[in-house]
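As provided, work_35.cif (mmCIF, C-alpha atoms) reads as follows.
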```cif
data_final
#
loop_
_atom_site.label_atom_id
_atom_site.label_comp_id
_atom_site.auth_asym_id
_atom_site.auth_seq_id
_atom_site.Cartn_x
_atom_site.Cartn_y
_atom_site.Cartn_z
CA MET D 2 121.42 63.18 142.54
CA ALA D 3 118.95 62.13 145.16
CA LEU D 4 116.46 64.93 144.74
CA GLY D 5 112.93 64.60 145.96
CA THR D 6 113.55 61.41 147.92
CA GLY D 7 114.19 62.78 151.37
CA THR D 8 117.88 61.90 151.01
CA ALA D 9 120.35 64.74 151.47
CA PRO D 10 122.50 65.27 148.36
CA HIS D 11 125.74 64.58 150.28
CA GLU D 12 124.56 61.10 151.21
CA LEU D 13 124.81 59.65 147.70
CA ARG D 14 128.02 60.22 145.79
CA PHE D 15 128.81 59.67 142.15
CA ASP D 16 132.40 60.84 141.92
CA THR D 17 134.42 57.62 141.67
CA GLY D 18 134.50 57.51 137.88
CA ARG D 19 132.66 54.19 137.45
CA VAL D 20 129.17 52.97 138.30
CA CYS D 21 130.51 49.84 140.02
CA LEU D 22 132.79 51.98 142.20
CA ASP D 23 129.89 54.32 142.98
CA LEU D 24 128.03 51.25 144.24
CA LEU D 25 130.98 50.37 146.49
CA ALA D 26 130.94 53.93 147.87
CA THR D 27 127.41 53.41 149.24
CA THR D 28 128.87 51.83 152.39
CA HIS D 29 130.70 54.96 153.57
CA PRO D 30 130.42 56.38 156.15
CA VAL D 31 127.28 54.31 156.85
CA GLU D 32 125.01 52.02 154.84
CA ARG D 33 123.29 54.07 152.11
CA LEU D 34 121.17 51.42 150.43
CA GLY D 35 118.89 50.68 153.35
CA SER D 36 115.62 51.44 151.60
CA VAL D 37 113.95 51.10 148.23
CA GLU D 38 113.55 54.88 147.97
CA VAL D 39 117.26 55.56 148.40
CA LEU D 40 118.13 52.76 145.98
CA ARG D 41 115.82 54.34 143.40
CA ALA D 42 117.63 57.65 143.89
CA TRP D 43 121.00 55.90 143.53
CA ILE D 44 119.92 54.10 140.34
CA THR D 45 118.85 57.39 138.77
CA GLY D 46 121.79 59.40 140.13
CA SER D 47 124.31 56.85 138.89
CA GLY D 48 123.01 57.19 135.35
CA LEU D 49 121.80 53.61 135.08
CA VAL D 50 118.45 55.02 133.97
CA PRO D 51 117.51 58.40 132.53
CA ALA D 52 115.97 60.95 134.89
CA GLY D 53 112.23 60.45 135.15
CA THR D 54 112.35 56.69 134.58
CA ALA D 55 109.60 54.97 136.54
CA LEU D 56 111.01 52.69 139.23
CA ALA D 57 107.79 52.23 141.22
CA HIS D 58 107.97 48.47 140.62
CA ALA D 59 111.16 48.20 142.72
CA ASP D 60 110.48 46.25 145.90
CA THR D 61 112.37 45.36 149.07
CA SER D 62 114.32 42.61 147.27
CA TRP D 63 116.13 45.25 145.19
CA PRO D 64 118.31 46.78 147.94
CA VAL D 65 119.22 43.27 149.10
CA ALA D 66 120.34 42.31 145.58
CA PHE D 67 122.36 45.50 145.07
CA ARG D 68 124.04 45.10 148.47
CA GLU D 69 124.89 41.50 147.56
CA LEU D 70 126.50 42.62 144.29
CA ARG D 71 128.37 45.34 146.17
CA GLY D 72 129.69 42.71 148.59
CA ARG D 73 130.95 40.63 145.66
CA LEU D 74 132.64 43.63 144.05
CA ALA D 75 134.59 44.62 147.16
CA PRO D 76 137.17 41.78 147.13
CA LEU D 77 137.61 42.13 143.37
CA VAL D 78 138.36 45.84 143.48
CA ARG D 79 139.95 46.35 146.90
CA GLY D 80 143.24 44.53 147.07
CA ARG D 81 142.52 42.34 144.04
CA PRO D 82 143.94 39.01 145.30
CA ALA D 83 145.10 36.46 142.77
CA PRO D 84 142.64 33.94 141.30
CA GLY D 85 142.54 30.70 143.24
CA VAL D 86 141.56 32.37 146.51
CA PRO D 87 138.06 30.99 147.24
CA SER D 88 136.46 34.35 148.15
CA TYR D 89 137.90 35.93 144.99
CA ASP D 90 136.73 33.07 142.75
CA LEU D 91 133.21 33.06 144.25
CA ALA D 92 132.92 36.84 143.90
CA LEU D 93 134.13 36.76 140.30
CA ALA D 94 131.74 33.93 139.41
CA ARG D 95 128.78 35.85 140.85
CA VAL D 96 129.67 39.09 139.06
CA ASN D 97 130.04 37.17 135.79
CA GLU D 98 126.69 35.47 136.39
CA LEU D 99 124.93 38.79 137.01
CA ALA D 100 126.58 40.33 133.92
CA ARG D 101 124.94 37.69 131.68
CA ALA D 102 121.48 39.27 131.85
CA ALA D 103 120.57 41.85 129.24
CA PRO D 104 121.00 45.43 130.52
CA PRO D 105 118.19 47.99 130.12
CA VAL D 106 117.45 48.81 126.48
CA PRO D 107 117.90 52.52 125.69
CA ARG D 108 116.28 54.35 122.80
CA ALA D 109 116.49 57.86 121.45
CA VAL D 110 113.17 59.73 121.42
CA PRO D 111 112.32 63.36 120.71
CA GLY D 112 112.01 65.43 123.89
CA GLU D 113 109.56 68.26 124.43
CA ASP D 114 111.84 70.67 122.56
CA GLY D 115 112.46 68.21 119.70
CA VAL D 116 116.01 67.36 120.81
CA LEU D 117 116.64 63.64 121.11
CA VAL D 118 116.76 62.31 124.66
CA ARG D 119 117.50 58.87 126.07
CA ARG D 120 114.60 56.79 127.38
CA LEU D 121 114.33 53.12 128.21
CA ASP D 122 112.28 50.71 126.15
CA GLY D 123 110.27 49.84 129.25
CA PRO D 124 110.54 49.79 133.03
CA PRO D 125 113.93 48.26 133.86
CA GLY D 126 113.95 45.04 135.82
CA ARG D 127 116.22 44.35 138.76
CA ALA D 128 118.27 41.79 136.82
CA ALA D 129 118.83 44.25 133.97
CA LEU D 130 120.08 46.97 136.31
CA LEU D 131 122.33 44.56 138.21
CA ALA D 132 123.68 43.41 134.84
CA ALA D 133 124.58 46.97 133.91
CA VAL D 134 126.60 47.39 137.12
CA ALA D 135 128.18 43.93 136.80
CA ARG D 136 129.16 44.62 133.18
CA ASP D 137 130.78 47.87 134.27
CA ALA D 138 132.76 45.86 136.82
CA VAL D 139 133.79 43.31 134.18
CA ASP D 140 134.95 46.16 131.92
CA LEU D 141 136.94 47.68 134.78
CA LEU D 142 138.52 44.42 135.92
CA THR D 143 139.61 43.46 132.40
CA ASP D 144 141.07 46.86 131.47
CA PRO D 145 144.74 47.07 132.56
CA VAL D 146 144.81 50.85 132.07
CA ALA D 147 141.74 51.36 134.26
CA LEU D 148 143.07 48.95 136.89
CA GLY D 149 146.31 50.89 136.95
CA SER D 150 144.31 54.07 137.60
CA LEU D 151 142.44 52.72 140.63
CA ARG D 152 143.30 54.58 143.81
CA GLN D 153 142.32 54.25 147.46
CA CYS D 154 141.34 57.59 148.99
CA GLU D 155 144.05 58.96 151.29
CA GLY D 156 141.47 60.54 153.60
CA ASP D 157 141.39 59.36 157.21
CA ASN D 158 139.24 56.23 157.47
CA CYS D 159 137.90 56.62 153.92
CA PRO D 160 137.55 53.27 152.13
CA ILE D 161 136.43 54.73 148.80
CA VAL D 162 138.20 53.48 145.69
CA TYR D 163 138.10 55.74 142.64
CA LEU D 164 139.41 55.94 139.10
CA ASP D 165 142.16 58.56 138.90
CA THR D 166 141.83 60.29 135.54
CA SER D 167 143.52 63.51 136.66
CA ARG D 168 146.45 65.02 134.77
CA GLY D 169 149.60 63.39 136.01
CA ARG D 170 147.53 60.80 137.92
CA ARG D 171 148.11 62.67 141.18
CA ARG D 172 144.60 62.75 142.64
CA ARG D 173 144.79 61.87 146.35
CA TRP D 174 141.19 61.93 147.56
CA CYS D 175 137.87 60.52 146.47
CA SER D 176 136.58 64.10 146.65
CA SER D 177 138.57 67.28 147.05
CA GLU D 178 135.50 68.90 148.61
CA ILE D 179 135.02 66.17 151.23
CA CYS D 180 138.18 64.23 152.13
CA GLY D 181 140.53 66.81 150.63
CA ASN D 182 138.91 69.61 152.60
CA ARG D 183 139.10 67.56 155.82
CA GLU D 184 142.81 67.01 155.23
CA ARG D 185 143.43 70.72 154.56
CA VAL D 186 141.53 71.69 157.74
CA ALA D 187 143.48 69.13 159.79
CA ARG D 188 146.78 70.38 158.35
CA HIS D 189 145.82 73.98 159.16
CA ARG D 190 144.93 73.01 162.74
CA ARG D 191 148.26 71.20 163.18
CA ARG D 192 150.18 74.26 161.91
CA ALA D 193 148.15 76.57 164.15
CA ALA D 194 148.79 74.33 167.19
CA LEU D 195 152.55 74.32 166.42
CA ALA D 196 152.55 78.10 166.07
CA ARG D 197 150.84 78.50 169.44
CA ALA D 198 153.31 76.10 171.12
#
```
Rendering of file as C-alpha cells:
Amino acid sequence: MALGTGTAPHELRFDTGRVCLDLLATTHPVERLGSVEVLRAWITGSGLVPAGTALAHADTSWPVAFRELRGRLAPLVRGRPAPGVPSYDLALARVNELARAAPPVPRAVPGEDGVLVRRLDGPPGRAALLAAVARDAVDLLTDPVALGSLRQCEGDNCPIVYLDTSRGRRRRWCSSEICGNRERVARHRRRAALARA
C-alpha cells in the first residue's frame, strides 16, 4: 500500500476488484490524489508498477491527469446511462483515447534470490500508466459478466463501486472491515437502544 509516503494505509484502498474502480475509490471520503507523492503510492499500491519502480519523474501534471480520467470513468461505471447522452459519449471517447497509448512494458528478470520478478522496461510515462487504467476500464465496460457483478456499496454515504466476486454474489459492502463494520456497530447500537427503551 502507501508505505513510506506519509500516507496512512487506510487512506488508499485497493479492494474494489479492478484498477479502474480503485481509481474511482480515491474520492471517498475525501480527495486522495491531491499530491504527486500520494499518486505515486497509489500507482504502486494498485499494481500498475512493481514495487520499487522509480516514479521520481512524476510531476504535478500527473495527479491532474489521473483525476481527469477518474472523472470520465464515473459516469461510465456509476449508473451507466445509454449511449447518446452527451456526458456519456464524451467520457467514453476520452477513455478510449487514453487507452490507445501503449501501457508500461513488463519484463521478467531474476531477483536477488534467482526467482523471476516483474520489472518494467524503463520508467513508466504518465500516458502509459493512464493507458493501463483506461484499458482496464474498457475491459470492464465490454465484459457483460463483469458488468453484472458491479455493486454499489450499501454503507451509509459510501459511493464506492466494486466487483462482487463472492460466492453467491451476496457481498454488500466495499469492505467488510470498513463499511460492514460500521453497519454492524450501528445495528448493535439500535438493538441496545431498543432494549433500554
Selection: 9 Å around Leu99 (chain D), only C-alpha atoms, excl. self and same-chain fewer than 4 positions, as number ranges by chain:
D: 70, 94-95, 128-129, 131-136
Exercise for the section: Would you mind telling me which residue in D:Ala66, D:Val96, D:Ala26, D:Leu121 lies nearest to Ala52 (chain D) when using only C-alpha atoms? Expected result: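 For Ala52 (chain D), the nearest of the candidates is D:Leu121.
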Between CA of Thr166 (chain D) and CA of Val146 (chain D) - distance in Å to one decimal
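Taking CA of Val146 (chain D) as the start and CA of Thr166 (chain D) as the end point, the length is 10.5 Å.
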Give the answer as one residue: which of D:Gln153, D:Ser176, D:Ser47, D:Asn182 has the shortest atom-to-atom distance to Arg79 (chain D), using all atoms listed in the file?
->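 So, comparing all the options, the nearest one is D:Gln153.
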query = Could you work out how far CA of Asn97 (chain D) lies from CA of Thr17 (chain D), giving the answer in Å with one decimal?
reply =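 It comes out at 21.7 Å.
Nearest residue to Val139 (chain D) among D:Val50, D:Leu93, D:Val39, D:Ala196 is D:Leu93, counting all atoms listed in the file.
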Using the file's own x, y and z axes, what box holds all listed atoms of region 30-35 of chain D with 4 Å on each side, keeping edges along x, y and z, and what are its centre and edge lengths in Å to one decimal, as AutoDock Vina command-line options?
```
--center_x 124.7 --center_y 53.5 --center_z 153.6 --size_x 19.5 --size_y 13.7 --size_z 14.4
```
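Within the file as shown, the PyMOL selection byres ((chain D and resi 75) around 10) identifies D:Cys21, D:Leu22, D:Leu24, D:Leu25, D:Leu70, D:Arg71, D:Gly72, D:Arg73, D:Leu74, D:Pro76, D:Leu77, D:Val78, D:Arg79, D:Gly80, D:Arg81, D:Tyr89, D:Ala92, D:Val162.
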Residue among D:Asn158, D:Thr28, D:Ser36, D:Ser177 lying closest to Val65 (chain D), counting only C-alpha atoms =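 Between D:Asn158, D:Thr28, D:Ser36, D:Ser177, the residue approaching Val65 (chain D) most closely is D:Ser36.
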Here CA of Ala100 (chain D) and CA of Trp63 (chain D) stand apart by 16.1 Å
Best match for closeness to Arg41 (chain D) among D:Pro125, D:Gly85, D:Gly156, D:Gly18, counting all atoms listed in the file =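 For Arg41 (chain D), the nearest of the given residues is D:Pro125.
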Check: Could you pull the residues within 12 Å of Pro30 (chain D), counting all atoms listed in the file, minus those fewer than 4 positions along the same chain, as a list in words?
Finding: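 The filter keeps His11, Glu12, Leu13, Arg14, Leu25, Ala26, Leu34, Asp157, Asn158, Cys159, Pro160, Ile161, Ile179 and Cys180 of chain D.
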Limited to C-alpha atoms, could you put the picked residues into a file as a PDB file, keeping the file's coordinate frame?
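Written output follows (out-v5.pdb):
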```pdb
ATOM      1  CA  HIS D  11     125.740  64.580 150.280  1.00  0.00           C
ATOM      2  CA  GLU D  12     124.560  61.100 151.210  1.00  0.00           C
ATOM      3  CA  LEU D  13     124.810  59.650 147.700  1.00  0.00           C
ATOM      4  CA  ARG D  14     128.020  60.220 145.790  1.00  0.00           C
ATOM      5  CA  LEU D  25     130.980  50.370 146.490  1.00  0.00           C
ATOM      6  CA  ALA D  26     130.940  53.930 147.870  1.00  0.00           C
ATOM      7  CA  LEU D  34     121.170  51.420 150.430  1.00  0.00           C
ATOM      8  CA  ASP D 157     141.390  59.360 157.210  1.00  0.00           C
ATOM      9  CA  ASN D 158     139.240  56.230 157.470  1.00  0.00           C
ATOM     10  CA  CYS D 159     137.900  56.620 153.920  1.00  0.00           C
ATOM     11  CA  PRO D 160     137.550  53.270 152.130  1.00  0.00           C
ATOM     12  CA  ILE D 161     136.430  54.730 148.800  1.00  0.00           C
ATOM     13  CA  ILE D 179     135.020  66.170 151.230  1.00  0.00           C
ATOM     14  CA  CYS D 180     138.180  64.230 152.130  1.00  0.00           C
TER      15      CYS D 180
END
```
Using all atoms listed in the file: which of D:Ala55, D:Asp16, D:Val86, D:Gly115 has the shortest distance to Asp165 (chain D):
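Ranking D:Ala55, D:Asp16, D:Val86, D:Gly115 by distance to Asp165 (chain D), first place goes to D:Asp16.
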Explicit residues for the PyMOL selection byres ((chain D and resi 150) around 6) (as a list in words):
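Written out, the selection comes to Ala147, Leu148, Gly149, Leu151, Leu164 and Asp165 of chain D.
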Going by the chain IDs and residue numbers used in this file, which residues fall under the PyMOL selection byres ((chain D and resi 56) around 10)? Write them as an mmCIF file with C-alpha atoms, keeping the file's coordinate frame.
```cif
data_model
loop_
_atom_site.group_PDB
_atom_site.id
_atom_site.type_symbol
_atom_site.label_atom_id
_atom_site.label_comp_id
_atom_site.auth_asym_id
_atom_site.auth_seq_id
_atom_site.Cartn_x
_atom_site.Cartn_y
_atom_site.Cartn_z
ATOM 1 C CA VAL D 37 113.950 51.100 148.230
ATOM 2 C CA GLU D 38 113.550 54.880 147.970
ATOM 3 C CA LEU D 40 118.130 52.760 145.980
ATOM 4 C CA ARG D 41 115.820 54.340 143.400
ATOM 5 C CA ALA D 42 117.630 57.650 143.890
ATOM 6 C CA ILE D 44 119.920 54.100 140.340
ATOM 7 C CA THR D 45 118.850 57.390 138.770
ATOM 8 C CA VAL D 50 118.450 55.020 133.970
ATOM 9 C CA GLY D 53 112.230 60.450 135.150
ATOM 10 C CA THR D 54 112.350 56.690 134.580
ATOM 11 C CA ALA D 55 109.600 54.970 136.540
ATOM 12 C CA ALA D 57 107.790 52.230 141.220
ATOM 13 C CA HIS D 58 107.970 48.470 140.620
ATOM 14 C CA ALA D 59 111.160 48.200 142.720
ATOM 15 C CA ASP D 60 110.480 46.250 145.900
ATOM 16 C CA PRO D 124 110.540 49.790 133.030
ATOM 17 C CA PRO D 125 113.930 48.260 133.860
ATOM 18 C CA GLY D 126 113.950 45.040 135.820
ATOM 19 C CA ARG D 127 116.220 44.350 138.760
#
```
Dump region 152-165 of chain D with all heavy atoms to a file, as a PDB file, in the first residue's frame.
```
ATOM      1  N   ARG D 152     -21.314  -3.719  -8.085  1.00  0.00           N
ATOM      2  CA  ARG D 152     -22.225  -3.401  -6.990  1.00  0.00           C
ATOM      3  C   ARG D 152     -21.863  -2.052  -6.394  1.00  0.00           C
ATOM      4  O   ARG D 152     -20.692  -1.690  -6.320  1.00  0.00           O
ATOM      5  CB  ARG D 152     -22.128  -4.444  -5.860  1.00  0.00           C
ATOM      6  CG  ARG D 152     -22.394  -5.859  -6.282  1.00  0.00           C
ATOM      7  CD  ARG D 152     -23.879  -6.109  -6.510  1.00  0.00           C
ATOM      8  NE  ARG D 152     -24.127  -7.505  -6.820  1.00  0.00           N
ATOM      9  CZ  ARG D 152     -24.159  -8.006  -8.052  1.00  0.00           C
ATOM     10  NH1 ARG D 152     -23.967  -7.229  -9.090  1.00  0.00           N
ATOM     11  NH2 ARG D 152     -24.388  -9.288  -8.245  1.00  0.00           N
ATOM     12  N   GLN D 153     -22.852  -1.347  -5.927  1.00  0.00           N
ATOM     13  CA  GLN D 153     -22.677  -0.112  -5.169  1.00  0.00           C
ATOM     14  C   GLN D 153     -22.663  -0.506  -3.697  1.00  0.00           C
ATOM     15  O   GLN D 153     -23.520  -1.268  -3.256  1.00  0.00           O
ATOM     16  CB  GLN D 153     -23.838   0.844  -5.446  1.00  0.00           C
ATOM     17  CG  GLN D 153     -23.916   2.026  -4.518  1.00  0.00           C
ATOM     18  CD  GLN D 153     -22.878   3.084  -4.821  1.00  0.00           C
ATOM     19  OE1 GLN D 153     -22.689   3.429  -5.971  1.00  0.00           O
ATOM     20  NE2 GLN D 153     -22.216   3.577  -3.801  1.00  0.00           N
ATOM     21  N   CYS D 154     -21.705  -0.023  -2.944  1.00  0.00           N
ATOM     22  CA  CYS D 154     -21.617  -0.328  -1.518  1.00  0.00           C
ATOM     23  C   CYS D 154     -22.908   0.100  -0.822  1.00  0.00           C
ATOM     24  O   CYS D 154     -23.444   1.172  -1.089  1.00  0.00           O
ATOM     25  CB  CYS D 154     -20.411   0.385  -0.899  1.00  0.00           C
ATOM     26  SG  CYS D 154     -20.221   0.054   0.865  1.00  0.00           S
ATOM     27  N   GLU D 155     -23.392  -0.729   0.085  1.00  0.00           N
ATOM     28  CA  GLU D 155     -24.611  -0.435   0.836  1.00  0.00           C
ATOM     29  C   GLU D 155     -24.333   0.357   2.105  1.00  0.00           C
ATOM     30  O   GLU D 155     -25.250   0.648   2.870  1.00  0.00           O
ATOM     31  CB  GLU D 155     -25.350  -1.732   1.179  1.00  0.00           C
ATOM     32  CG  GLU D 155     -25.917  -2.430  -0.032  1.00  0.00           C
ATOM     33  CD  GLU D 155     -26.667  -3.703   0.323  1.00  0.00           C
ATOM     34  OE1 GLU D 155     -27.106  -3.859   1.488  1.00  0.00           O
ATOM     35  OE2 GLU D 155     -26.822  -4.550  -0.563  1.00  0.00           O
ATOM     36  N   GLY D 156     -23.064   0.704   2.336  1.00  0.00           N
ATOM     37  CA  GLY D 156     -22.726   1.501   3.514  1.00  0.00           C
ATOM     38  C   GLY D 156     -23.298   2.901   3.404  1.00  0.00           C
ATOM     39  O   GLY D 156     -23.455   3.443   2.310  1.00  0.00           O
ATOM     40  N   ASP D 157     -23.626   3.485   4.568  1.00  0.00           N
ATOM     41  CA  ASP D 157     -24.167   4.844   4.593  1.00  0.00           C
ATOM     42  C   ASP D 157     -23.211   5.810   3.915  1.00  0.00           C
ATOM     43  O   ASP D 157     -22.039   5.884   4.275  1.00  0.00           O
ATOM     44  CB  ASP D 157     -24.409   5.307   6.032  1.00  0.00           C
ATOM     45  CG  ASP D 157     -25.644   4.675   6.634  1.00  0.00           C
ATOM     46  OD1 ASP D 157     -26.482   4.173   5.866  1.00  0.00           O
ATOM     47  OD2 ASP D 157     -25.757   4.681   7.871  1.00  0.00           O
ATOM     48  N   ASN D 158     -23.713   6.526   2.929  1.00  0.00           N
ATOM     49  CA  ASN D 158     -22.949   7.563   2.226  1.00  0.00           C
ATOM     50  C   ASN D 158     -21.662   7.054   1.570  1.00  0.00           C
ATOM     51  O   ASN D 158     -20.727   7.829   1.394  1.00  0.00           O
ATOM     52  CB  ASN D 158     -22.612   8.729   3.174  1.00  0.00           C
ATOM     53  CG  ASN D 158     -23.856   9.336   3.759  1.00  0.00           C
ATOM     54  OD1 ASN D 158     -24.830   9.566   3.059  1.00  0.00           O
ATOM     55  ND2 ASN D 158     -23.840   9.562   5.054  1.00  0.00           N
ATOM     56  N   CYS D 159     -21.591   5.797   1.234  1.00  0.00           N
ATOM     57  CA  CYS D 159     -20.397   5.260   0.576  1.00  0.00           C
ATOM     58  C   CYS D 159     -20.661   5.126  -0.923  1.00  0.00           C
ATOM     59  O   CYS D 159     -21.521   4.348  -1.334  1.00  0.00           O
ATOM     60  CB  CYS D 159     -20.001   3.912   1.154  1.00  0.00           C
ATOM     61  SG  CYS D 159     -18.472   3.279   0.416  1.00  0.00           S
ATOM     62  N   PRO D 160     -19.921   5.866  -1.745  1.00  0.00           N
ATOM     63  CA  PRO D 160     -20.152   5.828  -3.190  1.00  0.00           C
ATOM     64  C   PRO D 160     -19.332   4.759  -3.927  1.00  0.00           C
ATOM     65  O   PRO D 160     -19.371   4.685  -5.140  1.00  0.00           O
ATOM     66  CB  PRO D 160     -19.686   7.218  -3.617  1.00  0.00           C
ATOM     67  CG  PRO D 160     -18.543   7.496  -2.696  1.00  0.00           C
ATOM     68  CD  PRO D 160     -18.946   6.884  -1.372  1.00  0.00           C
ATOM     69  N   ILE D 161     -18.594   3.954  -3.196  1.00  0.00           N
ATOM     70  CA  ILE D 161     -17.659   3.028  -3.843  1.00  0.00           C
ATOM     71  C   ILE D 161     -18.401   1.934  -4.596  1.00  0.00           C
ATOM     72  O   ILE D 161     -19.342   1.318  -4.093  1.00  0.00           O
ATOM     73  CB  ILE D 161     -16.665   2.451  -2.816  1.00  0.00           C
ATOM     74  CG1 ILE D 161     -15.777   3.587  -2.309  1.00  0.00           C
ATOM     75  CG2 ILE D 161     -15.841   1.321  -3.421  1.00  0.00           C
ATOM     76  CD1 ILE D 161     -14.764   3.189  -1.277  1.00  0.00           C
ATOM     77  N   VAL D 162     -17.949   1.716  -5.829  1.00  0.00           N
ATOM     78  CA  VAL D 162     -18.451   0.652  -6.684  1.00  0.00           C
ATOM     79  C   VAL D 162     -17.378  -0.424  -6.713  1.00  0.00           C
ATOM     80  O   VAL D 162     -16.194  -0.123  -6.844  1.00  0.00           O
ATOM     81  CB  VAL D 162     -18.731   1.170  -8.112  1.00  0.00           C
ATOM     82  CG1 VAL D 162     -19.152   0.046  -9.033  1.00  0.00           C
ATOM     83  CG2 VAL D 162     -19.784   2.273  -8.074  1.00  0.00           C
ATOM     84  N   TYR D 163     -17.786  -1.678  -6.574  1.00  0.00           N
ATOM     85  CA  TYR D 163     -16.825  -2.777  -6.543  1.00  0.00           C
ATOM     86  C   TYR D 163     -17.321  -3.938  -7.393  1.00  0.00           C
ATOM     87  O   TYR D 163     -18.496  -4.004  -7.758  1.00  0.00           O
ATOM     88  CB  TYR D 163     -16.565  -3.231  -5.103  1.00  0.00           C
ATOM     89  CG  TYR D 163     -17.811  -3.733  -4.406  1.00  0.00           C
ATOM     90  CD1 TYR D 163     -18.199  -5.066  -4.489  1.00  0.00           C
ATOM     91  CD2 TYR D 163     -18.619  -2.867  -3.680  1.00  0.00           C
ATOM     92  CE1 TYR D 163     -19.348  -5.515  -3.867  1.00  0.00           C
ATOM     93  CE2 TYR D 163     -19.764  -3.296  -3.056  1.00  0.00           C
ATOM     94  CZ  TYR D 163     -20.122  -4.631  -3.151  1.00  0.00           C
ATOM     95  OH  TYR D 163     -21.266  -5.070  -2.551  1.00  0.00           O
ATOM     96  N   LEU D 164     -16.422  -4.849  -7.682  1.00  0.00           N
ATOM     97  CA  LEU D 164     -16.743  -6.059  -8.430  1.00  0.00           C
ATOM     98  C   LEU D 164     -17.030  -7.162  -7.425  1.00  0.00           C
ATOM     99  O   LEU D 164     -16.157  -7.523  -6.626  1.00  0.00           O
ATOM    100  CB  LEU D 164     -15.549  -6.430  -9.311  1.00  0.00           C
ATOM    101  CG  LEU D 164     -15.775  -7.397 -10.443  1.00  0.00           C
ATOM    102  CD1 LEU D 164     -16.766  -6.829 -11.446  1.00  0.00           C
ATOM    103  CD2 LEU D 164     -14.466  -7.690 -11.135  1.00  0.00           C
ATOM    104  N   ASP D 165     -18.241  -7.669  -7.417  1.00  0.00           N
ATOM    105  CA  ASP D 165     -18.631  -8.707  -6.463  1.00  0.00           C
ATOM    106  C   ASP D 165     -18.281 -10.074  -7.025  1.00  0.00           C
ATOM    107  O   ASP D 165     -18.953 -10.587  -7.911  1.00  0.00           O
ATOM    108  CB  ASP D 165     -20.134  -8.620  -6.172  1.00  0.00           C
ATOM    109  CG  ASP D 165     -20.579  -9.635  -5.128  1.00  0.00           C
ATOM    110  OD1 ASP D 165     -19.736 -10.392  -4.612  1.00  0.00           O
ATOM    111  OD2 ASP D 165     -21.789  -9.659  -4.829  1.00  0.00           O
TER     112      ASP D 165
END
```
